[in-house]
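Student: Compact mmCIF, C-alpha atoms and all ligand atoms, file my_file-v4.txt:
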# COMPACT_ATOMS: atom_id res chain seq x y z
CA MET A 1 6.05 -11.33 29.04
CA THR A 2 5.87 -13.50 25.92
CA LEU A 3 2.40 -13.41 24.41
CA PRO A 4 0.57 -16.72 23.75
CA ILE A 5 0.59 -16.33 19.96
CA ARG A 6 -1.00 -19.27 18.17
CA ILE A 7 0.80 -19.21 14.89
CA ALA A 8 -1.03 -22.21 13.38
CA ARG A 9 -4.35 -20.40 13.86
CA LEU A 10 -2.97 -17.28 12.18
CA GLN A 11 -1.39 -19.25 9.33
CA ASP A 12 -4.72 -21.03 8.70
CA GLU A 13 -6.42 -17.66 8.47
CA ILE A 14 -3.79 -16.30 6.06
CA ASP A 15 -4.40 -19.37 3.87
CA GLU A 16 -8.18 -19.03 4.13
CA LEU A 17 -8.06 -15.40 3.07
CA ALA A 18 -5.68 -16.24 0.21
CA ALA A 19 -8.29 -18.63 -1.16
CA ILE A 20 -10.69 -15.68 -1.66
CA SER A 21 -9.03 -14.66 -4.87
CA GLU A 22 -9.71 -14.07 -8.52
CA ALA A 23 -6.40 -15.73 -9.46
CA HIS A 24 -5.75 -19.40 -8.82
CA HIS A 25 -3.50 -20.68 -6.01
CA PRO A 26 -0.75 -19.75 -5.28
CA ALA A 27 -1.47 -16.36 -6.88
CA VAL A 28 -3.78 -13.92 -5.13
CA THR A 29 -5.75 -11.14 -6.84
CA ARG A 30 -8.22 -9.02 -4.87
CA VAL A 31 -9.07 -5.73 -6.51
CA LEU A 32 -11.06 -2.99 -4.79
CA PHE A 33 -14.83 -3.66 -4.75
CA SER A 34 -14.54 -6.82 -6.86
CA PRO A 35 -16.71 -9.75 -5.71
CA GLU A 36 -13.58 -11.27 -4.10
CA ASP A 37 -12.79 -8.06 -2.24
CA GLN A 38 -16.38 -7.99 -1.00
CA ARG A 39 -16.25 -11.62 0.16
CA ALA A 40 -12.91 -11.02 1.86
CA ARG A 41 -14.32 -8.00 3.69
CA THR A 42 -17.33 -9.97 4.94
CA TRP A 43 -15.03 -12.82 6.05
CA LEU A 44 -12.78 -10.38 7.87
CA GLU A 45 -15.61 -8.56 9.66
CA GLU A 46 -16.89 -11.93 10.87
CA LYS A 47 -13.42 -12.77 12.24
CA PHE A 48 -13.27 -9.45 14.07
CA ARG A 49 -16.73 -9.92 15.58
CA SER A 50 -15.92 -13.47 16.68
CA VAL A 51 -13.38 -12.15 19.17
CA GLY A 52 -15.67 -9.47 20.52
CA LEU A 53 -14.41 -6.48 18.52
CA SER A 54 -17.00 -3.90 17.52
CA VAL A 55 -16.90 -3.25 13.79
CA ARG A 56 -17.78 -0.18 11.75
CA HIS A 57 -16.94 0.93 8.24
CA ASP A 58 -16.79 4.39 6.75
CA ALA A 59 -18.00 5.80 3.45
CA VAL A 60 -14.94 4.65 1.49
CA GLY A 61 -15.02 1.15 2.98
CA ASN A 62 -12.24 1.45 5.56
CA ILE A 63 -13.06 -1.12 8.27
CA PHE A 64 -12.44 -0.35 11.96
CA ALA A 65 -12.53 -3.12 14.58
CA ARG A 66 -12.27 -1.93 18.16
CA TRP A 67 -11.45 -3.61 21.46
CA GLU A 68 -12.73 -1.13 23.99
CA GLY A 69 -10.44 -0.05 26.77
CA LEU A 70 -11.36 1.02 30.29
CA HIS A 71 -11.15 4.71 29.41
CA LEU A 72 -13.22 5.36 26.33
CA GLU A 73 -12.38 9.06 26.44
CA LEU A 74 -8.67 8.41 25.76
CA PRO A 75 -7.41 8.35 22.14
CA ALA A 76 -7.19 4.75 20.97
CA VAL A 77 -4.09 2.93 19.77
CA ALA A 78 -4.45 1.86 16.14
CA THR A 79 -2.82 -0.80 14.00
CA GLY A 80 -3.66 -2.47 10.70
CA SER A 81 -2.94 -2.56 6.98
CA HIS A 82 -4.77 -3.70 3.82
CA ILE A 83 -6.15 -6.90 2.30
CA ASP A 84 -6.47 -5.84 -1.33
CA ALA A 85 -3.92 -7.52 -3.60
CA ILE A 86 -2.61 -6.49 -7.00
CA PRO A 87 -3.13 -8.92 -9.89
CA ASN A 88 -1.07 -12.07 -9.41
CA ALA A 89 0.24 -11.14 -5.99
CA GLY A 90 1.12 -13.24 -2.96
CA LYS A 91 -0.75 -13.76 0.28
CA TYR A 92 1.30 -11.78 2.82
CA ASP A 93 1.48 -8.16 1.60
CA GLY A 94 -0.90 -6.19 3.85
CA VAL A 95 -2.57 -9.34 5.17
CA VAL A 96 0.16 -9.93 7.78
CA GLY A 97 -0.58 -6.47 9.19
CA VAL A 98 -4.34 -7.10 9.43
CA LEU A 99 -4.53 -10.74 10.51
CA GLY A 100 -1.30 -10.35 12.52
CA ALA A 101 -3.00 -7.52 14.42
CA LEU A 102 -6.00 -9.76 15.04
CA GLU A 103 -3.72 -12.49 16.41
CA ALA A 104 -1.87 -9.93 18.57
CA ILE A 105 -5.20 -8.80 20.04
CA ARG A 106 -6.37 -12.36 20.63
CA ALA A 107 -3.07 -13.17 22.34
CA LEU A 108 -3.43 -10.06 24.51
CA GLN A 109 -6.99 -11.09 25.40
CA GLU A 110 -5.88 -14.63 26.20
CA SER A 111 -3.01 -13.35 28.34
CA GLY A 112 -5.56 -11.57 30.55
CA PHE A 113 -4.50 -8.07 29.49
CA GLN A 114 -7.10 -5.34 29.97
CA PRO A 115 -6.40 -2.26 27.82
CA VAL A 116 -6.71 1.14 29.48
CA ARG A 117 -7.28 2.81 26.12
CA SER A 118 -9.05 1.15 23.21
CA LEU A 119 -7.16 -0.82 20.58
CA GLU A 120 -8.37 -0.56 17.01
CA ILE A 121 -7.52 -2.54 13.88
CA ILE A 122 -7.97 -0.63 10.63
CA MET A 123 -8.32 -2.38 7.27
CA PHE A 124 -7.66 0.37 4.75
CA THR A 125 -9.51 0.53 1.45
CA SER A 126 -7.41 0.14 -1.69
CA GLU A 127 -3.86 0.52 -0.53
CA GLU A 128 -3.02 -0.83 -3.96
CA PRO A 129 -3.41 1.43 -6.99
CA THR A 130 -4.87 -1.28 -9.24
CA ARG A 131 -8.36 0.15 -9.66
CA PHE A 132 -7.79 3.88 -9.90
CA GLY A 133 -4.05 4.17 -10.58
CA LEU A 134 -3.63 5.78 -7.15
CA GLY A 135 -2.80 3.85 -3.98
CA CYS A 136 -3.84 4.38 -0.35
CA LEU A 137 -7.30 5.74 -1.12
CA GLY A 138 -8.62 4.94 2.34
CA SER A 139 -5.74 6.41 4.32
CA ARG A 140 -5.46 9.46 2.04
CA LEU A 141 -9.10 10.35 2.68
CA LEU A 142 -8.97 9.46 6.35
CA SER A 143 -5.95 11.70 6.97
CA GLY A 144 -7.07 14.57 4.74
CA ALA A 145 -4.20 14.05 2.27
CA MET A 146 -6.80 13.79 -0.50
CA THR A 147 -10.01 15.80 -0.79
CA PRO A 148 -13.34 14.01 -1.38
CA ASP A 149 -13.66 15.91 -4.67
CA ARG A 150 -10.38 14.52 -5.92
CA ALA A 151 -11.47 11.01 -4.92
CA LEU A 152 -14.79 11.43 -6.73
CA ALA A 153 -13.01 12.64 -9.87
CA LEU A 154 -10.95 9.42 -10.11
CA ARG A 155 -11.92 7.01 -12.87
CA SER A 156 -11.14 3.32 -13.18
CA ARG A 157 -9.79 1.93 -16.43
CA GLU A 158 -13.41 1.14 -17.39
CA GLY A 159 -14.35 4.79 -16.76
CA LEU A 160 -16.23 4.18 -13.50
CA SER A 161 -16.11 6.47 -10.47
CA LEU A 162 -15.60 5.37 -6.87
CA ALA A 163 -19.28 6.04 -6.15
CA GLU A 164 -20.41 3.97 -9.15
CA LEU A 165 -18.12 1.07 -8.26
CA LYS A 166 -19.35 1.07 -4.69
CA ILE A 167 -22.96 0.87 -5.74
CA GLU A 168 -22.14 -1.85 -8.26
CA ALA A 169 -20.50 -3.76 -5.38
CA GLY A 170 -23.77 -3.64 -3.44
CA TYR A 171 -23.20 -0.75 -1.04
CA PRO A 172 -26.19 1.50 -0.44
CA GLU A 173 -26.23 4.93 -2.12
CA ASP A 174 -24.51 6.60 0.56
CA PRO A 175 -22.77 8.82 2.92
CA GLU A 176 -20.56 11.61 1.92
CA LEU A 177 -16.90 10.90 1.46
CA ALA A 178 -16.28 14.03 3.55
CA SER A 179 -17.31 11.99 6.60
CA VAL A 180 -14.25 9.72 6.16
CA ARG A 181 -11.75 12.30 7.42
CA LEU A 182 -10.77 11.77 11.05
CA PRO A 183 -9.79 14.50 13.49
CA GLN A 184 -6.13 15.14 14.21
CA ASP A 185 -4.78 13.08 17.11
CA ILE A 186 -7.84 10.84 17.24
CA TYR A 187 -5.30 8.07 17.83
CA ARG A 188 -2.51 8.01 20.32
CA ALA A 189 -0.41 6.09 17.80
CA PHE A 190 -0.58 3.94 14.68
CA VAL A 191 1.75 0.95 14.22
CA GLU A 192 1.70 -1.15 11.04
CA LEU A 193 3.19 -4.64 10.73
CA HIS A 194 4.25 -5.52 7.16
CA ILE A 195 6.55 -7.77 5.19
CA GLU A 196 9.71 -5.96 4.10
CA GLN A 197 9.15 -6.48 0.34
CA GLY A 198 12.91 -6.13 -0.06
CA PRO A 199 15.91 -8.38 0.64
CA THR A 200 17.87 -6.71 3.44
CA LEU A 201 16.47 -8.41 6.55
CA GLU A 202 16.87 -11.90 5.11
CA ARG A 203 20.33 -11.09 3.76
CA ASP A 204 21.51 -9.79 7.13
CA GLY A 205 19.92 -12.62 9.12
CA LEU A 206 17.59 -10.26 11.02
CA ASP A 207 14.15 -10.92 12.50
CA ILE A 208 12.72 -7.42 12.52
CA GLY A 209 13.14 -4.16 10.64
CA VAL A 210 12.30 -1.03 12.60
CA VAL A 211 11.19 1.52 10.01
CA GLU A 212 12.47 5.05 10.52
CA LYS A 213 11.32 6.65 7.28
CA ILE A 214 9.02 5.89 4.34
CA ALA A 215 10.29 6.96 0.92
CA ALA A 216 8.32 9.58 -1.00
CA PRO A 217 6.25 8.13 -3.85
CA SER A 218 5.03 9.93 -6.94
CA SER A 219 3.45 8.88 -10.19
CA PHE A 220 2.24 10.41 -13.43
CA ARG A 221 0.97 9.59 -16.90
CA PHE A 222 2.05 10.57 -20.37
CA ARG A 223 -0.42 10.25 -23.25
CA LEU A 224 1.15 10.27 -26.70
CA GLU A 225 -0.69 10.76 -29.94
CA GLY A 226 1.03 10.14 -33.26
CA SER A 227 -0.32 8.81 -36.48
CA GLY A 228 -1.26 5.25 -37.37
CA GLY A 229 -1.28 3.48 -40.67
CA HIS A 230 -0.50 0.33 -42.58
CA ALA A 231 2.71 -1.34 -41.38
CA GLY A 232 3.58 -2.36 -44.90
CA ALA A 233 2.47 0.62 -46.90
CA VAL A 234 3.80 3.58 -44.88
CA LEU A 235 7.55 3.99 -45.45
CA MET A 236 9.83 4.70 -42.47
CA PRO A 237 10.71 8.38 -43.07
CA GLY A 238 8.10 10.68 -41.57
CA ARG A 239 6.33 8.07 -39.46
CA ARG A 240 4.79 9.34 -36.20
CA ASP A 241 5.02 6.12 -34.19
CA ALA A 242 3.80 6.67 -30.62
CA LEU A 243 5.40 3.47 -29.32
CA LEU A 244 8.87 4.51 -30.44
CA ALA A 245 8.55 7.83 -28.62
CA ALA A 246 7.19 6.01 -25.56
CA SER A 247 10.15 3.63 -25.64
CA GLU A 248 12.59 6.52 -25.62
CA ILE A 249 10.69 8.06 -22.70
CA ALA A 250 10.94 4.79 -20.73
CA LEU A 251 14.71 4.84 -21.27
CA ALA A 252 14.81 8.47 -20.10
CA VAL A 253 13.04 7.40 -16.89
CA GLU A 254 15.80 4.87 -16.24
CA LYS A 255 18.50 7.46 -16.95
CA ALA A 256 16.82 10.05 -14.71
CA ALA A 257 16.79 7.64 -11.78
CA LEU A 258 20.34 6.37 -12.36
CA GLU A 259 21.79 9.86 -12.65
CA SER A 260 19.73 11.72 -10.02
CA GLY A 261 22.68 11.92 -7.62
CA CYS A 262 20.80 9.96 -4.92
CA PRO A 263 21.09 6.15 -4.73
CA ASP A 264 17.50 5.96 -3.45
CA THR A 265 15.88 7.35 -6.61
CA VAL A 266 13.91 4.66 -8.43
CA GLY A 267 11.90 5.13 -11.62
CA THR A 268 9.64 2.54 -13.23
CA THR A 269 7.48 2.66 -16.33
CA GLY A 270 5.01 0.07 -15.09
CA VAL A 271 2.31 0.62 -17.71
CA LEU A 272 2.75 1.03 -21.44
CA ARG A 273 -0.37 0.55 -23.52
CA ILE A 274 -0.51 1.14 -27.22
CA GLU A 275 -3.28 1.47 -29.73
CA PRO A 276 -4.44 -0.08 -31.91
CA GLY A 277 -2.18 -2.97 -30.84
CA ALA A 278 -2.15 -4.91 -34.09
CA ILE A 279 0.96 -6.45 -35.64
CA ASN A 280 0.41 -4.81 -39.02
CA SER A 281 -0.53 -1.36 -37.76
CA ILE A 282 1.69 1.55 -36.69
CA PRO A 283 0.98 2.46 -33.05
CA CYS A 284 -0.86 5.79 -33.11
CA ARG A 285 -1.38 6.22 -29.36
CA ALA A 286 0.59 5.28 -26.24
CA LEU A 287 -0.14 5.61 -22.55
CA LEU A 288 2.71 5.46 -20.04
CA GLU A 289 2.24 5.29 -16.28
CA ILE A 290 5.43 6.06 -14.41
CA ASP A 291 6.29 5.56 -10.75
CA LEU A 292 9.12 7.70 -9.34
CA ARG A 293 10.27 7.48 -5.71
CA ASP A 294 13.05 8.79 -3.55
CA THR A 295 13.98 9.42 0.04
CA ASN A 296 14.92 12.95 -0.97
CA VAL A 297 12.26 15.19 -2.53
CA LYS A 298 14.87 17.46 -4.16
CA THR A 299 16.50 14.68 -6.18
CA ARG A 300 13.06 13.27 -7.00
CA GLN A 301 12.04 16.66 -8.34
CA GLY A 302 15.27 16.82 -10.36
CA ALA A 303 14.49 13.42 -11.88
CA LEU A 304 10.92 14.44 -12.65
CA ASP A 305 12.07 17.65 -14.37
CA PHE A 306 14.58 15.63 -16.40
CA ILE A 307 11.91 13.15 -17.52
CA ARG A 308 9.43 15.86 -18.51
CA LYS A 309 12.06 17.77 -20.49
CA ALA A 310 13.26 14.56 -22.20
CA ALA A 311 9.66 13.61 -23.08
CA GLU A 312 9.08 17.05 -24.64
CA GLU A 313 12.28 16.81 -26.72
CA ILE A 314 11.55 13.26 -27.86
CA CYS A 315 8.00 14.08 -28.86
CA LEU A 316 9.02 17.28 -30.64
CA ARG A 317 11.63 15.38 -32.65
CA ARG A 318 9.18 12.61 -33.54
CA ASP A 319 6.24 14.98 -34.16
CA ILE A 320 4.09 13.39 -31.45
CA ASP A 321 1.50 15.23 -29.32
CA LEU A 322 2.26 14.87 -25.64
CA ASP A 323 0.03 15.24 -22.60
CA TYR A 324 1.32 15.06 -19.01
CA GLU A 325 -0.98 14.19 -16.10
CA PRO A 326 0.34 14.15 -12.54
CA ILE A 327 -1.22 11.47 -10.31
CA ASN A 328 0.48 11.97 -6.96
CA LEU A 329 3.52 13.73 -5.52
CA ASP A 330 3.69 12.74 -1.86
CA PRO A 331 6.26 13.76 0.73
CA PRO A 332 8.18 11.10 2.67
CA ALA A 333 7.08 10.21 6.21
CA ILE A 334 9.31 10.22 9.26
CA CYS A 335 8.34 7.64 11.85
CA ASP A 336 7.81 8.86 15.39
CA PRO A 337 11.16 8.54 17.23
CA GLN A 338 9.55 7.44 20.50
CA LEU A 339 7.59 4.71 18.75
CA VAL A 340 10.72 3.64 16.90
CA ASP A 341 12.53 3.33 20.25
CA LEU A 342 9.60 1.42 21.73
CA ILE A 343 9.62 -1.09 18.85
CA GLN A 344 13.38 -1.48 19.23
CA ARG A 345 12.98 -2.15 22.98
CA GLU A 346 10.29 -4.76 22.31
CA THR A 347 12.60 -6.58 19.90
CA GLU A 348 15.29 -6.65 22.60
CA THR A 349 12.82 -7.94 25.22
CA ALA A 350 11.81 -10.69 22.79
CA ASN A 351 15.48 -11.52 22.04
CA LEU A 352 15.05 -10.75 18.38
CA LYS A 353 17.67 -9.32 16.06
CA ALA A 354 16.58 -5.99 14.65
CA HIS A 355 17.87 -3.24 12.46
CA ARG A 356 16.57 0.22 11.54
CA LEU A 357 15.72 0.81 7.91
CA ILE A 358 13.83 2.83 5.33
CA SER A 359 10.64 1.59 3.74
CA ARG A 360 11.03 1.91 0.01
CA ALA A 361 7.49 0.73 -0.61
CA TYR A 362 4.66 3.03 0.42
CA HIS A 363 2.08 2.02 2.96
CA ASP A 364 -0.99 3.46 4.64
CA SER A 365 1.44 4.54 7.38
CA LEU A 366 2.67 7.25 5.00
CA PHE A 367 -0.68 8.99 5.47
CA MET A 368 -1.44 7.89 9.04
CA ALA A 369 1.75 9.78 9.96
CA LEU A 370 -0.16 12.97 9.09
CA LEU A 371 -2.76 12.11 11.70
CA CYS A 372 -0.85 10.72 14.66
CA PRO A 373 2.57 9.36 15.74
CA THR A 374 3.23 6.43 13.41
CA ALA A 375 5.80 3.66 12.98
CA MET A 376 6.18 0.34 11.17
CA ILE A 377 7.50 -3.12 11.99
CA PHE A 378 8.94 -5.15 9.10
CA ILE A 379 9.52 -8.88 8.95
CA PRO A 380 11.70 -10.60 6.33
CA CYS A 381 10.25 -12.20 3.22
CA ARG A 382 12.03 -14.82 1.14
CA HIS A 383 14.48 -13.30 -1.37
CA GLY A 384 12.69 -9.99 -0.78
CA TYR A 385 10.01 -11.14 -3.23
CA SER A 386 6.67 -9.35 -3.11
CA HIS A 387 3.84 -8.55 -5.53
CA ARG A 388 4.30 -12.04 -6.95
CA PRO A 389 2.74 -15.43 -6.12
CA ASP A 390 5.88 -16.84 -4.47
CA GLU A 391 5.97 -14.09 -1.83
CA TYR A 392 6.68 -15.90 1.47
CA SER A 393 7.40 -15.28 5.13
CA SER A 394 7.75 -18.29 7.41
CA PRO A 395 5.42 -18.88 10.36
CA GLU A 396 8.35 -18.18 12.70
CA GLN A 397 9.10 -14.87 10.99
CA ILE A 398 5.44 -13.90 11.24
CA ARG A 399 5.32 -14.95 14.89
CA ALA A 400 8.25 -12.65 15.66
CA GLY A 401 6.47 -9.72 14.03
CA VAL A 402 3.21 -10.40 15.87
CA GLN A 403 5.13 -10.76 19.14
CA VAL A 404 6.70 -7.33 18.71
CA LEU A 405 3.43 -5.76 17.55
CA GLY A 406 1.57 -7.27 20.51
CA GLY A 407 4.20 -5.98 22.94
CA VAL A 408 4.05 -2.49 21.45
CA LEU A 409 0.23 -2.42 21.53
CA ARG A 410 0.23 -3.64 25.14
CA ASP A 411 2.66 -0.93 26.15
CA LEU A 412 0.77 1.85 24.34
CA ALA A 413 -2.66 0.76 25.57
CA SER A 414 -1.55 0.38 29.22
CA THR A 415 -1.67 4.07 30.15
C1 LIG A 501 2.84 -0.48 -2.46
O1 LIG A 501 2.32 -1.52 -2.77
C2 LIG A 501 3.89 0.12 -3.23
O2 LIG A 501 3.81 0.09 -4.47
O3 LIG A 501 4.84 0.62 -2.60
MN MN A 502 1.51 -4.07 -2.24
MN MN A 503 1.26 -3.56 1.38
Is it possible to give me this structure as structure tokens?
Ligand code: GLV
Ligand code: MN
Ligand code: MN
Tutor:
Amino acid sequence: MTLPIRIARLQDEIDELAAISEAHHPAVTRVLFSPEDQRARTWLEEKFRSVGLSVRHDAVGNIFARWEGLHLELPAVATGSHIDAIPNAGKYDGVVGVLGALEAIRALQESGFQPVRSLEIIMFTSEEPTRFGLGCLGSRLLSGAMTPDRALALRSREGLSLAELKIEAGYPEDPELASVRLPQDIYRAFVELHIEQGPTLERDGLDIGVVEKIAAPSSFRFRLEGSGGHAGAVLMPGRRDALLAASEIALAVEKAALESGCPDTVGTTGVLRIEPGAINSIPCRALLEIDLRDTNVKTRQGALDFIRKAAEEICLRRDIDLDYEPINLDPPAICDPQLVDLIQRETETANLKAHRLISRAYHDSLFMALLCPTAMIFIPCRHGYSHRPDEYSSPEQIRAGVQVLGGVLRDLAST
């Protein structure tokens, strides 16, 4: 049965949430525990309550909104995503999975459906790495992929800890992060709706991507220390310029990814900061933050080894001190085959054109897969653009995703 999805209502909510942003329209910026993130959370909780969902949040700020089923003792069916947004992002990344889930639940309620097991929407804290350089904080803690000690040791660029930022954002001095972890199989399943963030669905004229696997992300930092000095007075021979070494390392990252032997290896030097950063001063320090992903952990490891060896050689040759700091080295996630089949069947029932694919971006599903059977539904986005203000999925594309999500949730919550 087609669900009575009211796409105009959902689109209005997507626009309303996009307006809670540090950046001006059409860009969206919502960084963990910023005033905008706090306002967005309050707005969202109000939305959840307005349709009768019971809301709780945990010690890291994950929000859970539950529609109780007839059998409270049965593991619930979960869905959701994130509403934080990297600087200068668009309005659909993550948001479609949270507000789309809300619309799916409203449509189920309005269709007269009564869930046997509870349905729960999760809004995960800090899927984006903006604040601490590490993404998926909420789902990592919730699934046990990260220990509370590791989370407490993280520092923002300003040197603040998670606990300090939370208090600054107005949370009470509070519960232990250890309480965030959920027991294994607390959920029957987790299904996340998300924009593809890549071009394949649009290119192939498809409505839905059924995700079979999520590529394995990793990231790390290099800190380089050379020697500064006057740009005019210090002659070229013997300089210890940290930026020049960093530049060679960034090129080695590209080479490592291109020559890994696997077409899925991608390497990006997304951060390069130098000090002192003055036109007439030789850069004495450089910080590189590098993102390296692959579907295959062996070729990723090969690329990582190549980059580390290249960095050592470059720095030795240029007489630069080098420090390596790993940030994360996560395995890939395989989506649950039965859920994948169920999503595929729902697309057929809804007469939508679908295709199975790999998620090259990471998502909270990567960690939810450690906790319970997990799968993802992708919808196309224009030109595959994401993490930029012109990110766009049409109302009809969003409707298709919500239709499939609603059908899957109805099926899973019926027994
Ligand atoms: C998530 O935003 C990612 O970087 O894959
Ligand atoms: Mn993102
Ligand atoms: Mn996302």
Student: A:Leu366, A:Ile5, A:Leu243, A:Val340: which is nearest ligand LIG 501 (chain A), counting all atoms listed in the file?
Tutor: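 The shortest atom-to-atom distance to ligand LIG 501 (chain A) comes from A:Leu366.
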Student: Please give me, as a ChimeraX atom specification, the residues lying within 7 Å of ligand MN 503 (chain A) when counting only C-alpha atoms and all ligand atoms.
Tutor: /A:82,93-94,127,194,363
Student: Just want the 12 Å neighbourhood of Glu168 of chain A, counted on only C-alpha atoms, with same-chain residues fewer than 6 positions away dropped. Output as a PDB file with C-alpha atoms, in the frame of the given file.
Tutor:
ATOM      1  CA  LEU A  32     -11.060  -2.990  -4.790  1.00  0.00           C
ATOM      2  CA  PHE A  33     -14.830  -3.660  -4.750  1.00  0.00           C
ATOM      3  CA  SER A  34     -14.540  -6.820  -6.860  1.00  0.00           C
ATOM      4  CA  PRO A  35     -16.710  -9.750  -5.710  1.00  0.00           C
ATOM      5  CA  GLN A  38     -16.380  -7.990  -1.000  1.00  0.00           C
ATOM      6  CA  LEU A 160     -16.230   4.180 -13.500  1.00  0.00           C
ATOM      7  CA  SER A 161     -16.110   6.470 -10.470  1.00  0.00           C
ATOM      8  CA  LEU A 162     -15.600   5.370  -6.870  1.00  0.00           C
TER       9      LEU A 162
END
Student: Between A:Asn62, A:Ser179, A:Thr415, A:Ser386, which one has atoms that come closest to ligand LIG 501 (chain A), using only C-alpha atoms and all ligand atoms?
Tutor: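 Closest to ligand LIG 501 (chain A), using only C-alpha atoms and all ligand atoms: A:Ser386.
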Student: Need to verify the contact set: segment 318-326 of chain A, 9 Å, all atoms listed in the file, exclusion of same-chain residues closer than 2 positions in sequence. Can you return it as a list in words?
Tutor: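 With the cut-off at 9 Å, the set is Ser218, Ser219, Phe220, Arg221, Phe222, Arg223, Leu224, Glu225, Gly226, Ser227, Gly238, Arg239, Arg240, Asp241, Ala242, Leu244, Ala245, Arg308, Ala311, Glu312, Glu313, Ile314, Cys315, Leu316, Asn328 and Leu329 of chain A.
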Student: Which residue, A:Val116, A:Leu371, A:Met123, A:Ala85, has the smallest gap to Leu44 of chain A when you use all atoms listed in the file?
Tutor: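 Between A:Val116, A:Leu371, A:Met123, A:Ala85, the residue approaching Leu44 of chain A most closely is A:Met123.
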Student: Considering all atoms listed in the file, return as a count of residues only whatever protein or nucleic-acid residues lie within 9 Å of Pro148 of chain A, sequence-local ones (same chain, fewer than 2 positions apart) excluded.
Tutor: 11
Student: What is the distance, in Å and to one decimal place, between atom CA of Met1 of chain A and atom CA of Ala189 of chain A?
Tutor: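 Atom CA of Met1 of chain A sits 21.7 Å away from atom CA of Ala189 of chain A.
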Student: Using only C-alpha atoms and all ligand atoms, which protein or nucleic acid residues are at most 12 Å from ligand MN 502 (chain A), as a VMD selection string?
Tutor: chain A and resid 28 to 31 81 to 97 126 to 130 135 to 136 194 to 198 360 to 364 385 to 388 391
Student: I'd like the neighbourhood of Arg157 of chain A as a compact mmCIF listing (two decimals) with C-alpha atoms, in the frame of the given file, where a residue qualifies if any of its atoms comes within 9 Å (using all atoms listed in the file), though same-chain residues fewer than 4 positions away should be ignored.
Tutor:
# COMPACT_ATOMS: atom_id res chain seq x y z
CA ARG A 131 -8.36 0.15 -9.66
CA PHE A 132 -7.79 3.88 -9.90
CA GLY A 133 -4.05 4.17 -10.58
Student: Choose the residue, out of A:Pro217, A:Asn280, A:Asp294, A:Val234, that has the smallest atom-to-atom separation from ligand LIG 501 (chain A); count only C-alpha atoms and all ligand atoms.
Tutor: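 Closest to ligand LIG 501 (chain A) of all the choices is A:Pro217.
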Student: To one decimal in Å, tell me the separation between atom CA of Leu72 of chain A and atom CA of Asp58 of chain A.
Tutor: 19.9 Å
Student: Which is closest to Asp291 of chain A among A:Val271, A:Val51, A:Ile122, A:Ile186, if we use all atoms listed in the file?
Tutor: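 Closest to Asp291 of chain A of all the choices is A:Val271.
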Student: Give me the residues near Cys335 of chain A as a PDB file with C-alpha atoms, in the frame of the given file, where near means some atom within 8 Å (using only C-alpha atoms) and where sequence neighbours in that chain fewer than 2 positions away do not count.
Tutor:
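Wrote out28.pdb, looks like this:
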ATOM      1  CA  VAL A 211      11.190   1.520  10.010  1.00  0.00           C
ATOM      2  CA  GLU A 212      12.470   5.050  10.520  1.00  0.00           C
ATOM      3  CA  LYS A 213      11.320   6.650   7.280  1.00  0.00           C
ATOM      4  CA  ILE A 214       9.020   5.890   4.340  1.00  0.00           C
ATOM      5  CA  ALA A 333       7.080  10.210   6.210  1.00  0.00           C
ATOM      6  CA  PRO A 337      11.160   8.540  17.230  1.00  0.00           C
ATOM      7  CA  LEU A 339       7.590   4.710  18.750  1.00  0.00           C
ATOM      8  CA  VAL A 340      10.720   3.640  16.900  1.00  0.00           C
ATOM      9  CA  ALA A 369       1.750   9.780   9.960  1.00  0.00           C
ATOM     10  CA  PRO A 373       2.570   9.360  15.740  1.00  0.00           C
ATOM     11  CA  THR A 374       3.230   6.430  13.410  1.00  0.00           C
ATOM     12  CA  ALA A 375       5.800   3.660  12.980  1.00  0.00           C
ATOM     13  CA  MET A 376       6.180   0.340  11.170  1.00  0.00           C
TER      14      MET A 376
END
